file protein-v1.cif (mmCIF, C-alpha atoms)
data_my_file
loop_
_atom_site.label_atom_id
_atom_site.label_comp_id
_atom_site.auth_asym_id
_atom_site.auth_seq_id
_atom_site.Cartn_x
_atom_site.Cartn_y
_atom_site.Cartn_z
CA MET A 1500 11.22 31.91 15.54
CA ASN A 1501 11.62 34.34 12.60
CA ILE A 1502 10.34 33.69 9.06
CA SER A 1503 13.77 32.85 7.66
CA THR A 1504 14.39 30.21 10.33
CA GLN A 1505 10.90 28.76 9.80
CA ASN A 1506 11.55 28.46 6.08
CA GLN A 1507 14.90 26.74 6.66
CA GLN A 1508 13.41 24.32 9.20
CA TYR A 1509 10.47 23.45 6.97
CA GLN A 1510 12.58 22.97 3.87
CA TYR A 1511 15.10 20.82 5.74
CA TRP A 1512 12.62 18.56 7.50
CA ARG A 1513 10.24 18.12 4.57
CA ILE A 1514 13.06 16.63 2.50
CA HIS A 1515 14.52 14.53 5.31
CA LEU A 1516 11.16 13.25 6.52
CA MET A 1517 10.28 12.21 2.98
CA ILE A 1518 13.56 10.30 2.67
CA ALA A 1519 12.99 8.57 6.03
CA MET A 1520 9.35 7.71 5.29
CA TYR A 1521 10.30 6.45 1.85
CA ILE A 1522 13.04 4.12 3.06
CA GLY A 1523 10.92 3.06 6.03
CA TYR A 1524 7.84 2.14 4.04
CA ALA A 1525 9.93 0.30 1.43
CA GLY A 1526 11.27 -1.68 4.40
CA PHE A 1527 7.74 -2.56 5.50
CA TYR A 1528 6.99 -3.76 2.01
CA LEU A 1529 10.13 -5.88 1.98
CA THR A 1530 9.00 -7.81 5.06
CA ARG A 1531 5.33 -7.88 4.02
CA LYS A 1532 5.74 -9.53 0.63
CA SER A 1533 8.85 -11.60 1.29
CA VAL A 1534 6.92 -14.89 1.47
CA ASN A 1535 5.17 -14.28 -1.87
CA TYR A 1536 8.35 -14.67 -3.84
CA ALA A 1537 9.39 -17.80 -1.97
CA VAL A 1538 5.99 -19.51 -2.42
CA PRO A 1539 6.99 -21.81 -5.32
CA ALA A 1540 9.97 -23.02 -3.22
CA LEU A 1541 7.75 -23.55 -0.15
CA ILE A 1542 5.34 -25.60 -2.26
CA SER A 1543 8.12 -27.79 -3.71
CA ASP A 1544 10.31 -28.10 -0.57
CA LEU A 1545 7.65 -28.62 2.10
CA GLY A 1546 4.66 -29.80 0.09
CA ILE A 1547 2.50 -26.86 1.15
CA SER A 1548 -0.70 -26.65 -0.94
CA LYS A 1549 -2.18 -23.62 -2.71
CA GLN A 1550 -5.03 -23.70 -0.20
CA ASP A 1551 -2.52 -23.46 2.68
CA ILE A 1552 -0.88 -20.48 0.98
CA GLY A 1553 -4.27 -18.91 0.29
CA LEU A 1554 -5.34 -19.34 3.93
CA MET A 1555 -2.10 -17.75 5.17
CA ALA A 1556 -2.67 -14.83 2.80
CA THR A 1557 -6.28 -14.35 3.89
CA LEU A 1558 -5.44 -14.39 7.61
CA PHE A 1559 -2.56 -12.02 6.97
CA TYR A 1560 -4.69 -9.49 5.13
CA LEU A 1561 -7.58 -9.64 7.61
CA THR A 1562 -5.20 -9.07 10.51
CA TYR A 1563 -3.35 -6.35 8.66
CA GLY A 1564 -6.56 -4.51 7.81
CA ILE A 1565 -7.78 -4.60 11.42
CA SER A 1566 -4.36 -3.48 12.67
CA LYS A 1567 -4.27 -0.66 10.13
CA PHE A 1568 -7.60 0.69 11.38
CA ILE A 1569 -6.83 0.36 15.10
CA SER A 1570 -3.30 1.70 14.75
CA GLY A 1571 -4.69 4.56 12.63
CA MET A 1572 -6.81 5.76 15.55
CA TYR A 1573 -3.89 5.34 17.93
CA SER A 1574 -1.29 6.96 15.69
CA ASP A 1575 -3.35 10.16 15.33
CA ARG A 1576 -2.61 10.79 19.00
CA THR A 1577 0.97 9.50 19.26
CA ASN A 1578 4.45 10.26 17.95
CA PRO A 1579 4.85 8.63 14.49
CA ARG A 1580 8.60 8.39 15.02
CA TYR A 1581 8.44 5.57 17.56
CA PHE A 1582 5.25 4.00 16.26
CA MET A 1583 6.63 3.37 12.76
CA ALA A 1584 10.14 2.35 13.84
CA ILE A 1585 9.05 -0.20 16.43
CA GLY A 1586 6.49 -1.69 14.05
CA LEU A 1587 9.10 -2.18 11.33
CA MET A 1588 11.61 -3.81 13.67
CA MET A 1589 8.96 -6.26 14.89
CA THR A 1590 8.18 -7.26 11.29
CA GLY A 1591 11.89 -7.93 10.81
CA ILE A 1592 11.95 -10.26 13.82
CA THR A 1593 8.93 -12.22 12.55
CA ASN A 1594 10.56 -12.64 9.12
CA ILE A 1595 13.71 -14.03 10.70
CA LEU A 1596 11.68 -16.47 12.82
CA PHE A 1597 9.70 -17.52 9.74
CA GLY A 1598 12.97 -18.39 8.00
CA LEU A 1599 13.89 -20.66 10.94
CA SER A 1600 10.57 -22.55 10.95
CA SER A 1601 9.12 -25.54 9.08
CA SER A 1602 5.57 -26.06 10.41
CA ILE A 1603 2.54 -24.70 8.58
CA PHE A 1604 0.99 -23.83 11.96
CA VAL A 1605 4.08 -21.83 12.97
CA PHE A 1606 4.24 -20.22 9.53
CA THR A 1607 0.63 -19.08 9.80
CA SER A 1608 1.01 -17.85 13.40
CA LEU A 1609 4.13 -15.84 12.59
CA TRP A 1610 2.55 -14.35 9.48
CA VAL A 1611 -0.46 -13.19 11.49
CA ILE A 1612 1.90 -11.54 14.03
CA ASN A 1613 3.78 -9.95 11.13
CA ALA A 1614 0.47 -8.65 9.74
CA TRP A 1615 -0.34 -6.94 13.03
CA PHE A 1616 2.91 -4.98 13.09
CA GLN A 1617 2.69 -4.27 9.35
CA GLY A 1618 -0.35 -2.15 10.24
CA TRP A 1619 1.97 0.25 12.08
CA GLY A 1620 3.52 1.59 8.86
CA TRP A 1621 0.86 3.42 6.85
CA PRO A 1622 -0.94 5.56 9.52
CA PRO A 1623 2.20 7.38 10.77
CA CYS A 1624 3.08 8.19 7.16
CA SER A 1625 -0.41 9.54 6.42
CA LYS A 1626 -0.17 11.72 9.53
CA LEU A 1627 3.21 13.12 8.48
CA LEU A 1628 2.06 13.64 4.88
CA THR A 1629 -0.99 15.63 5.96
CA THR A 1630 0.83 17.74 8.56
CA TRP A 1631 4.06 18.60 6.70
CA TYR A 1632 2.71 18.97 3.11
CA SER A 1633 -0.32 21.10 2.19
CA ARG A 1634 -3.36 20.36 0.06
CA THR A 1635 -2.41 22.03 -3.22
CA GLU A 1636 1.01 20.32 -3.32
CA ARG A 1637 0.20 17.07 -1.54
CA GLY A 1638 -0.59 15.11 -4.70
CA HIS A 1639 2.96 15.00 -5.97
CA TRP A 1640 4.54 14.63 -2.50
CA TRP A 1641 2.21 11.75 -1.64
CA ALA A 1642 2.87 10.24 -5.06
CA ILE A 1643 6.63 10.34 -4.47
CA TRP A 1644 6.18 8.60 -1.10
CA ASN A 1645 3.76 6.08 -2.61
CA THR A 1646 6.42 4.83 -5.00
CA ALA A 1647 8.11 3.31 -1.94
CA HIS A 1648 5.57 0.50 -2.42
CA ASN A 1649 7.03 -0.16 -5.82
CA VAL A 1650 10.67 0.19 -4.87
CA GLY A 1651 10.15 -2.27 -2.02
CA GLY A 1652 8.00 -4.48 -4.23
CA ALA A 1653 10.56 -4.48 -7.05
CA LEU A 1654 13.44 -5.27 -4.69
CA ILE A 1655 11.67 -8.21 -3.06
CA PRO A 1656 11.73 -10.58 -6.06
CA LEU A 1657 15.30 -9.60 -6.81
CA ILE A 1658 16.53 -10.12 -3.22
CA VAL A 1659 14.27 -12.94 -1.99
CA GLY A 1660 13.98 -14.60 -5.41
CA TYR A 1661 17.76 -14.60 -5.92
CA LEU A 1662 18.53 -15.91 -2.44
CA THR A 1663 15.79 -18.55 -2.74
CA LEU A 1664 17.11 -19.74 -6.10
CA HIS A 1665 20.80 -19.82 -5.16
CA TYR A 1666 20.61 -20.60 -1.44
CA SER A 1667 17.18 -21.22 0.09
CA TRP A 1668 13.92 -19.48 0.95
CA ARG A 1669 15.15 -19.40 4.56
CA HIS A 1670 18.02 -17.13 3.57
CA GLY A 1671 15.61 -14.86 1.68
CA LEU A 1672 13.28 -14.38 4.65
CA SER A 1673 16.10 -13.91 7.15
CA ILE A 1674 17.95 -11.31 5.09
CA ALA A 1675 14.70 -9.35 4.59
CA GLY A 1676 14.22 -9.36 8.37
CA ILE A 1677 17.75 -8.13 9.09
CA ILE A 1678 17.35 -5.27 6.60
CA ALA A 1679 14.10 -4.24 8.34
CA LEU A 1680 15.81 -4.13 11.74
CA LEU A 1681 18.49 -1.79 10.39
CA ILE A 1682 15.94 0.50 8.72
CA GLY A 1683 13.93 0.62 11.97
CA LEU A 1684 16.98 2.04 13.77
CA PHE A 1685 17.35 4.60 10.98
CA LEU A 1686 13.69 5.71 11.51
CA LEU A 1687 14.28 6.23 15.23
CA TRP A 1688 17.11 8.56 14.32
CA ARG A 1689 15.48 10.57 11.49
CA LEU A 1690 11.70 10.78 11.97
CA ARG A 1691 9.99 13.63 13.86
CA SER A 1692 6.40 14.49 14.83
CA THR A 1693 4.24 17.43 13.68
CA PRO A 1694 5.54 20.92 12.78
CA GLU A 1695 3.75 22.38 15.83
CA SER A 1696 5.64 20.00 18.14
CA MET A 1697 8.87 21.58 16.83
CA GLY A 1698 7.72 25.16 17.38
CA LEU A 1699 6.73 25.74 13.74
CA PRO A 1700 3.42 27.06 12.38
CA SER A 1701 1.04 24.63 10.68
CA VAL A 1702 1.81 23.86 7.05
CA GLY A 1703 -1.33 25.75 5.94
CA GLN A 1704 -0.15 28.88 7.73
CA TRP A 1705 3.40 28.49 6.46
CA ARG A 1706 2.36 28.10 2.80
CA GLN A 1707 -0.79 30.26 3.04
CA ASP A 1708 -2.69 27.47 1.26
CA PRO A 1709 -6.43 28.32 1.35
CA LEU A 1710 -7.58 24.71 0.88
CA GLU A 1711 -5.29 23.55 3.68
CA LEU A 1712 -6.29 26.38 6.01
CA ALA A 1713 -9.96 25.56 5.43
CA GLN A 1714 -9.37 21.96 6.47
CA GLU A 1715 -7.28 22.99 9.48
CA ASN A 1716 -10.01 25.33 10.71
CA GLU A 1717 -12.98 23.06 10.01
CA GLY A 1718 -14.50 21.49 13.12
CA LYS A 1719 -11.68 22.92 15.22
CA ASP A 1720 -13.62 22.84 18.50
CA ARG A 1721 -15.13 19.38 18.12
CA SER A 1722 -14.32 16.53 20.48
CA TRP A 1723 -12.41 13.46 19.31
CA ARG A 1724 -15.58 11.35 19.43
CA GLU A 1725 -17.51 13.88 17.32
CA ILE A 1726 -14.67 14.03 14.80
CA LEU A 1727 -14.67 10.24 14.40
CA ARG A 1728 -18.45 10.10 14.08
CA ASP A 1729 -19.01 12.96 11.64
CA TYR A 1730 -15.82 12.95 9.57
CA VAL A 1731 -15.12 9.22 9.36
CA PHE A 1732 -17.92 6.79 10.27
CA LEU A 1733 -20.88 8.87 8.96
CA ASN A 1734 -19.01 10.39 6.02
CA LYS A 1735 -20.59 9.02 2.81
CA TYR A 1736 -17.50 9.80 0.75
CA ILE A 1737 -15.31 7.79 3.11
CA TRP A 1738 -17.63 4.81 2.62
CA LEU A 1739 -17.51 5.14 -1.18
CA LEU A 1740 -13.72 5.31 -1.04
CA ALA A 1741 -13.61 2.30 1.28
CA CYS A 1742 -15.72 0.16 -1.06
CA SER A 1743 -13.70 1.17 -4.12
CA TYR A 1744 -10.49 0.43 -2.19
CA THR A 1745 -11.76 -3.10 -1.54
CA LEU A 1746 -11.99 -3.71 -5.27
CA VAL A 1747 -8.64 -2.07 -6.07
CA TYR A 1748 -6.96 -4.39 -3.60
CA ILE A 1749 -8.67 -7.48 -4.97
CA VAL A 1750 -7.03 -6.72 -8.32
CA ARG A 1751 -3.70 -5.57 -6.92
CA THR A 1752 -3.31 -8.51 -4.54
CA ALA A 1753 -4.49 -11.09 -7.05
CA ILE A 1754 -1.82 -10.02 -9.54
CA ASN A 1755 0.86 -9.58 -6.88
CA ASP A 1756 0.25 -12.83 -5.00
CA TRP A 1757 -0.78 -15.18 -7.80
CA GLY A 1758 1.04 -13.63 -10.76
CA ASN A 1759 4.24 -15.66 -10.44
CA ILE A 1760 2.25 -18.90 -10.01
CA TYR A 1761 0.17 -18.01 -13.10
CA LEU A 1762 3.32 -17.50 -15.16
CA THR A 1763 5.05 -20.66 -13.89
CA GLU A 1764 1.96 -22.84 -14.48
CA ASN A 1765 0.47 -21.31 -17.61
CA TYR A 1766 3.63 -20.27 -19.47
CA HIS A 1767 6.23 -22.47 -17.70
CA TYR A 1768 8.40 -19.57 -16.59
CA ASN A 1769 11.10 -20.34 -14.03
CA LEU A 1770 11.06 -18.52 -10.69
CA VAL A 1771 13.46 -15.76 -11.77
CA GLU A 1772 11.57 -15.09 -15.03
CA ALA A 1773 8.21 -14.97 -13.23
CA ASN A 1774 9.50 -12.68 -10.48
CA THR A 1775 11.13 -10.42 -13.07
CA ALA A 1776 7.75 -9.99 -14.79
CA LEU A 1777 6.25 -9.06 -11.42
CA SER A 1778 9.01 -6.51 -10.94
CA LEU A 1779 7.62 -4.80 -14.04
CA PHE A 1780 4.25 -4.63 -12.29
CA GLU A 1781 5.96 -2.66 -9.51
CA ILE A 1782 7.89 -0.48 -11.96
CA GLY A 1783 4.62 0.33 -13.72
CA GLY A 1784 3.15 1.21 -10.35
CA PHE A 1785 6.08 3.55 -9.67
CA VAL A 1786 5.36 5.52 -12.84
CA GLY A 1787 1.58 5.35 -12.37
CA SER A 1788 1.74 6.78 -8.85
CA LEU A 1789 3.77 9.77 -9.99
CA VAL A 1790 1.49 10.46 -12.96
CA ALA A 1791 -1.65 10.10 -10.82
CA GLY A 1792 -0.39 12.45 -8.11
CA TRP A 1793 0.86 15.07 -10.54
CA GLY A 1794 -2.30 14.85 -12.64
CA SER A 1795 -4.67 15.23 -9.71
CA ASP A 1796 -2.82 18.38 -8.58
CA LYS A 1797 -2.27 20.01 -11.97
CA LEU A 1798 -5.17 18.81 -14.12
CA PHE A 1799 -8.00 18.57 -11.58
CA SER A 1800 -7.13 21.25 -8.98
CA SER A 1801 -6.25 18.70 -6.26
CA ASN A 1802 -9.52 16.78 -6.68
CA ARG A 1803 -8.48 13.12 -6.64
CA GLY A 1804 -11.67 11.58 -8.05
CA PRO A 1805 -11.44 12.26 -11.81
CA MET A 1806 -7.86 11.01 -12.05
CA ALA A 1807 -8.71 7.88 -10.07
CA LEU A 1808 -11.62 7.19 -12.44
CA LEU A 1809 -9.40 7.43 -15.52
CA PHE A 1810 -6.99 4.97 -13.98
CA ALA A 1811 -9.83 2.60 -13.02
CA ILE A 1812 -10.83 2.38 -16.70
CA GLY A 1813 -7.22 1.51 -17.53
CA ILE A 1814 -7.23 -1.29 -14.94
CA PHE A 1815 -10.18 -2.99 -16.63
CA PHE A 1816 -8.71 -2.90 -20.12
CA SER A 1817 -5.22 -4.05 -19.10
CA ILE A 1818 -6.59 -6.95 -17.03
CA THR A 1819 -8.84 -8.01 -19.91
CA ALA A 1820 -5.92 -7.90 -22.33
CA LEU A 1821 -3.82 -10.16 -20.07
CA TRP A 1822 -6.70 -12.63 -19.80
CA LEU A 1823 -7.52 -12.79 -23.52
CA MET A 1824 -3.94 -12.84 -24.84
CA PRO A 1825 -4.08 -15.69 -27.38
CA GLU A 1826 -0.53 -17.04 -27.02
CA GLU A 1827 2.69 -16.53 -25.11
CA GLN A 1828 4.60 -13.43 -26.13
CA LYS A 1829 7.12 -12.49 -23.47
CA LEU A 1830 7.42 -8.87 -24.52
CA LEU A 1831 3.65 -8.38 -24.56
CA LEU A 1832 3.27 -10.15 -21.20
CA SER A 1833 5.89 -7.86 -19.71
CA CYS A 1834 4.15 -4.78 -21.12
CA LEU A 1835 0.80 -5.91 -19.71
CA PHE A 1836 2.22 -6.44 -16.22
CA PHE A 1837 3.75 -2.96 -16.46
CA ALA A 1838 0.40 -1.50 -17.60
CA ILE A 1839 -1.59 -3.21 -14.84
CA GLY A 1840 0.84 -1.88 -12.24
CA PHE A 1841 0.64 1.60 -13.77
CA PHE A 1842 -3.16 1.72 -13.57
CA VAL A 1843 -3.61 -0.11 -10.24
CA PHE A 1844 -1.24 2.03 -8.21
CA GLY A 1845 -2.87 5.28 -9.34
CA PRO A 1846 -6.18 4.61 -7.49
CA GLN A 1847 -4.29 2.79 -4.74
CA MET A 1848 -2.49 6.04 -3.96
CA LEU A 1849 -5.28 8.52 -4.76
CA ILE A 1850 -8.01 6.80 -2.72
CA GLY A 1851 -5.88 6.75 0.42
CA MET A 1852 -5.01 10.42 -0.04
CA ALA A 1853 -8.64 11.35 -0.77
CA ALA A 1854 -9.71 9.63 2.46
CA ALA A 1855 -7.26 11.74 4.48
CA GLU A 1856 -8.51 14.89 2.75
CA CYS A 1857 -12.21 14.01 3.13
CA ALA A 1858 -11.80 13.58 6.87
CA HIS A 1859 -10.88 15.98 9.68
CA LYS A 1860 -7.26 17.08 9.90
CA LYS A 1861 -6.90 15.39 13.28
CA ALA A 1862 -8.30 12.10 11.97
CA ALA A 1863 -6.14 11.54 8.88
CA GLY A 1864 -4.62 8.35 10.30
CA THR A 1865 -8.03 7.04 11.35
CA ALA A 1866 -9.60 7.77 7.96
CA THR A 1867 -6.79 6.12 6.01
CA GLY A 1868 -6.79 3.24 8.48
CA PHE A 1869 -10.55 2.82 8.03
CA VAL A 1870 -10.40 2.63 4.23
CA GLY A 1871 -7.26 0.50 4.64
CA LEU A 1872 -9.32 -2.00 6.63
CA PHE A 1873 -11.64 -2.36 3.64
CA ALA A 1874 -8.67 -2.53 1.28
CA TYR A 1875 -7.30 -5.53 3.08
CA LEU A 1876 -10.69 -7.18 3.26
CA GLY A 1877 -10.36 -7.05 -0.52
CA ALA A 1878 -6.83 -8.40 -0.28
CA ALA A 1879 -8.13 -11.23 1.93
CA LEU A 1880 -10.69 -12.11 -0.74
CA ALA A 1881 -7.78 -12.48 -3.16
CA GLY A 1882 -6.28 -15.16 -0.88
CA TYR A 1883 -8.18 -18.29 0.15
CA PRO A 1884 -11.53 -17.41 -1.55
CA LEU A 1885 -9.77 -16.82 -4.87
CA ALA A 1886 -7.83 -20.07 -4.41
CA ILE A 1887 -11.18 -21.89 -4.11
CA VAL A 1888 -12.45 -20.16 -7.27
CA MET A 1889 -9.32 -21.35 -9.11
CA GLN A 1890 -9.78 -24.88 -7.78
CA TYR A 1891 -13.14 -25.16 -9.56
CA PHE A 1892 -12.86 -22.68 -12.43
CA HIS A 1893 -9.08 -22.53 -12.95
CA TRP A 1894 -7.41 -19.40 -14.31
CA ASP A 1895 -10.51 -18.33 -16.26
CA GLY A 1896 -12.34 -18.02 -12.95
CA PHE A 1897 -9.44 -15.99 -11.58
CA PHE A 1898 -9.66 -13.47 -14.40
CA VAL A 1899 -13.47 -13.24 -14.33
CA VAL A 1900 -13.30 -12.23 -10.64
CA ILE A 1901 -10.66 -9.54 -11.05
CA ALA A 1902 -12.14 -8.19 -14.31
CA CYS A 1903 -15.52 -7.74 -12.58
CA ALA A 1904 -13.79 -6.05 -9.63
CA ALA A 1905 -11.94 -3.72 -11.99
CA SER A 1906 -15.13 -2.68 -13.81
CA ALA A 1907 -16.93 -1.89 -10.51
CA ILE A 1908 -14.16 0.45 -9.26
CA GLY A 1909 -15.10 3.11 -11.80
CA LEU A 1910 -18.79 2.98 -10.88
CA LEU A 1911 -18.02 3.70 -7.23
CA LEU A 1912 -15.77 6.63 -8.14
CA LEU A 1913 -18.33 8.38 -10.38
CA PRO A 1914 -19.75 10.58 -7.54
CA PHE A 1915 -16.29 12.13 -7.08
CA LEU A 1916 -16.28 13.64 -10.57
CA ARG A 1917 -18.15 16.69 -9.30
CA VAL A 1918 -16.86 16.80 -5.74
CA GLN A 1919 -14.01 19.02 -4.59
CA ASN A 1920 -13.23 17.55 -1.18
#
call {"tool": "encode", "arguments": {"input": "protein-v1.cif", "output": "structure tokens"}}
result
Amino acid sequence: MNISTQNQQYQYWRIHLMIAMYIGYAGFYLTRKSVNYAVPALISDLGISKQDIGLMATLFYLTYGISKFISGMYSDRTNPRYFMAIGLMMTGITNILFGLSSSIFVFTSLWVINAWFQGWGWPPCSKLLTTWYSRTERGHWWAIWNTAHNVGGALIPLIVGYLTLHYSWRHGLSIAGIIALLIGLFLLWRLRSTPESMGLPSVGQWRQDPLELAQENEGKDRSWREILRDYVFLNKYIWLLACSYTLVYIVRTAINDWGNIYLTENYHYNLVEANTALSLFEIGGFVGSLVAGWGSDKLFSSNRGPMALLFAIGIFFSITALWLMPEEQKLLLSCLFFAIGFFVFGPQMLIGMAAAECAHKKAAGTATGFVGLFAYLGAALAGYPLAIVMQYFHWDGFFVVIACAASAIGLLLLPFLRVQN
């Protein structure tokens, strides 16, 4: 294959793979968070308690984290095209079944099954992002893809919230599931595997990126077991990233899962008003991801740590401002939800990318799956355990927990200030 053809193939597939990954991961998010925006209706229609909701959330996040890690190891050695598409379609089926059910036991069982297949979304994307886009440009490409979280997250309250308000929560869950099935078929059509599987050179060779070539050549002759041991499980930077990810997800999940309940109980918002405020959290995250990715590439020479630390400081101050706001001011509340989303989604994106770059090229899915496991341990702590904290200490207890988590994120990221991974 001549240089001109290689350039055409790379340019074509990099754009089309990004579009497919973007739509696909937004679809995963649609079926992952669909229940969150129907929770007030579930509580009023079926008498489900906050503890029931918290337990469902905790089991979901624990299962999702485990699935993310296991599927990460598996996806490194499989074709992401089928792995991601099948996973998304299965989440669609579980959402439809959820919308047809009424038992808390069935709800919980289906949501655990959904969590397992949700874990099939991130690792294939991390593999594609590290094989089709090189180190010195990856920050802004990964940032663009990461905004799929926010597009999916912003659409959920509008779609599920609207259908729940005007029809029922069953309609909201079922429509989300049908959309996921259609997107899964689209992924089967448009996704591909690595450049090498299509007869192209590696992305480091194609772009002549020295940082990328160094990672491609490092540990080239090591066995799979040695790669996992040395570049993932015994890698001190992976462990620091994993612990900081736990705290990021405590904050992110607490705001995402309990934010609409906080607004309906504390400020007497209706469901549409509360979900609209949470849409601003996602919009803030959209902007924050782009700024974080661009900044890490352009301001810090593709070192993700300093940018993540700046954003961690912003998380603490925006959370504290929401907690200490003396009275209801809708404009200020909206701005604070936007700001929290802006600062939370910066580290959420950068830590996952840093994990892929700290690890071996062949273990990008495993590394991101490993830190993802810790992330969703944090998300699990924002479910039932946080519900218990609120039972005894109310919303003040809620904010003390997430403010402490936010302040600790920066401490864990300090060693990355002087590290070029």
call {"tool": "residues_around", "arguments": {"input": "protein-v1.cif", "residues": "Asp1551 (chain A)", "least_positions_apart": "6", "cutoff": "9 Å", "atoms": "all atoms listed in the file", "output": "list in words"}}
result
Ile1603, Thr1607 and Tyr1883 of chain A
call {"tool": "closest_atom_pairs", "arguments": {"input": "protein-v1.cif", "of": "region 1836-1883 of chain A", "to": "region 1571-1575 of chain A", "cutoff": "8 Å", "atoms": "only C-alpha atoms", "output": "tab-separated table"}}
result
residue	atom	partner	partner_atom	distance
A:Lys1861	CA	A:Asp1575	CA	6.6
A:Ala1862	CA	A:Asp1575	CA	6.3
A:Ala1863	CA	A:Asp1575	CA	7.2
A:Gly1864	CA	A:Gly1571	CA	4.4
A:Thr1865	CA	A:Gly1571	CA	4.4
A:Ala1866	CA	A:Gly1571	CA	7.5
A:Thr1867	CA	A:Gly1571	CA	7.1
A:Gly1868	CA	A:Gly1571	CA	4.8
A:Phe1869	CA	A:Gly1571	CA	7.7
call {"tool": "atom_distance", "arguments": {"input": "protein-v1.cif", "atom1": "CA of Gly1676 (chain A)", "atom2": "CA of Gly1546 (chain A)"}}
result
24.0 Å
call {"tool": "closest_atom_pairs", "arguments": {"input": "protein-v1.cif", "of": "region 1736-1799 of chain A", "to": "region 1650-1655 of chain A", "cutoff": "9 Å", "atoms": "all atoms listed in the file", "output": "tab-separated table"}}
result
residue	atom	partner	partner_atom	distance
A:Asn1774	CA	A:Ile1655	CA	8.9
A:Thr1775	CA	A:Ala1653	CA	8.5
A:Leu1777	CA	A:Ala1653	CA	7.7
A:Ser1778	CA	A:Ala1653	CA	4.7
A:Leu1779	CA	A:Ala1653	CA	7.6
A:Phe1780	CA	A:Ala1653	CA	8.2
A:Glu1781	CA	A:Ala1653	CA	5.5
A:Ile1782	CA	A:Ala1653	CA	6.9
A:Phe1785	CA	A:Val1650	CA	7.4
call {"tool": "residues_around", "arguments": {"input": "protein-v1.cif", "residues": "Cys1903 (chain A)", "least_positions_apart": "6", "cutoff": "12 Å", "atoms": "only C-alpha atoms", "output": "list in words"}}
result
Leu1746, Val1747, Ile1749, Val1750, Ala1811, Ile1812, Ile1814, Phe1815, Phe1816, Ile1818, Thr1819, Gly1896, Phe1897, Gly1909 and Leu1910 of chain A
call {"tool": "residues_around", "arguments": {"input": "protein-v1.cif", "residues": "Gln1704 (chain A)", "least_positions_apart": "5", "cutoff": "12 Å", "atoms": "all atoms listed in the file", "output": "PyMOL selection string"}}
result
chain A and resi 1502+1505-1506+1509+1630-1634+1694-1695+1699+1709-1716
call {"tool": "write_last_selection", "arguments": {"input": "protein-v1.cif", "atoms": "C-alpha atoms", "output": "compact mmCIF listing (two decimals), keeping the file's coordinate frame"}}
result
# COMPACT_ATOMS: atom_id res chain seq x y z
CA ILE A 1502 10.34 33.69 9.06
CA GLN A 1505 10.90 28.76 9.80
CA ASN A 1506 11.55 28.46 6.08
CA TYR A 1509 10.47 23.45 6.97
CA THR A 1630 0.83 17.74 8.56
CA TRP A 1631 4.06 18.60 6.70
CA TYR A 1632 2.71 18.97 3.11
CA SER A 1633 -0.32 21.10 2.19
CA ARG A 1634 -3.36 20.36 0.06
CA PRO A 1694 5.54 20.92 12.78
CA GLU A 1695 3.75 22.38 15.83
CA LEU A 1699 6.73 25.74 13.74
CA PRO A 1709 -6.43 28.32 1.35
CA LEU A 1710 -7.58 24.71 0.88
CA GLU A 1711 -5.29 23.55 3.68
CA LEU A 1712 -6.29 26.38 6.01
CA ALA A 1713 -9.96 25.56 5.43
CA GLN A 1714 -9.37 21.96 6.47
CA GLU A 1715 -7.28 22.99 9.48
CA ASN A 1716 -10.01 25.33 10.71
call {"tool": "residues_near_point", "arguments": {"input": "protein-v1.cif", "point": "(8.4, -7.2, 3.0)", "cutoff": "10 Å", "atoms": "all atoms listed in the file", "output": "list in words"}}
result
Tyr1524, Ala1525, Gly1526, Phe1527, Tyr1528, Leu1529, Thr1530, Arg1531, Lys1532, Ser1533, Val1534, Asn1535, Leu1587, Thr1590, Gly1591, Asn1594, Asn1613, Gln1617, His1648, Gly1651, Gly1652, Leu1654, Ile1655, Val1659, Leu1672, Ala1675, Gly1676, Ile1678 and Ala1679 of chain A
call {"tool": "write_last_selection", "arguments": {"input": "protein-v1.cif", "atoms": "C-alpha atoms", "output": "compact mmCIF listing (two decimals), in the frame of the given file"}}
result
# COMPACT_ATOMS: atom_id res chain seq x y z
CA TYR A 1524 7.84 2.14 4.04
CA ALA A 1525 9.93 0.30 1.43
CA GLY A 1526 11.27 -1.68 4.40
CA PHE A 1527 7.74 -2.56 5.50
CA TYR A 1528 6.99 -3.76 2.01
CA LEU A 1529 10.13 -5.88 1.98
CA THR A 1530 9.00 -7.81 5.06
CA ARG A 1531 5.33 -7.88 4.02
CA LYS A 1532 5.74 -9.53 0.63
CA SER A 1533 8.85 -11.60 1.29
CA VAL A 1534 6.92 -14.89 1.47
CA ASN A 1535 5.17 -14.28 -1.87
CA LEU A 1587 9.10 -2.18 11.33
CA THR A 1590 8.18 -7.26 11.29
CA GLY A 1591 11.89 -7.93 10.81
CA ASN A 1594 10.56 -12.64 9.12
CA ASN A 1613 3.78 -9.95 11.13
CA GLN A 1617 2.69 -4.27 9.35
CA HIS A 1648 5.57 0.50 -2.42
CA GLY A 1651 10.15 -2.27 -2.02
CA GLY A 1652 8.00 -4.48 -4.23
CA LEU A 1654 13.44 -5.27 -4.69
CA ILE A 1655 11.67 -8.21 -3.06
CA VAL A 1659 14.27 -12.94 -1.99
CA LEU A 1672 13.28 -14.38 4.65
CA ALA A 1675 14.70 -9.35 4.59
CA GLY A 1676 14.22 -9.36 8.37
CA ILE A 1678 17.35 -5.27 6.60
CA ALA A 1679 14.10 -4.24 8.34
call {"tool": "residues_around", "arguments": {"input": "protein-v1.cif", "residues": "region 1553-1563 of chain A", "least_positions_apart": "6", "cutoff": "9 Å", "atoms": "all atoms listed in the file", "output": "ChimeraX atom specification"}}
result
/A:1606-1608,1610-1618,1756,1871-1872,1874-1887
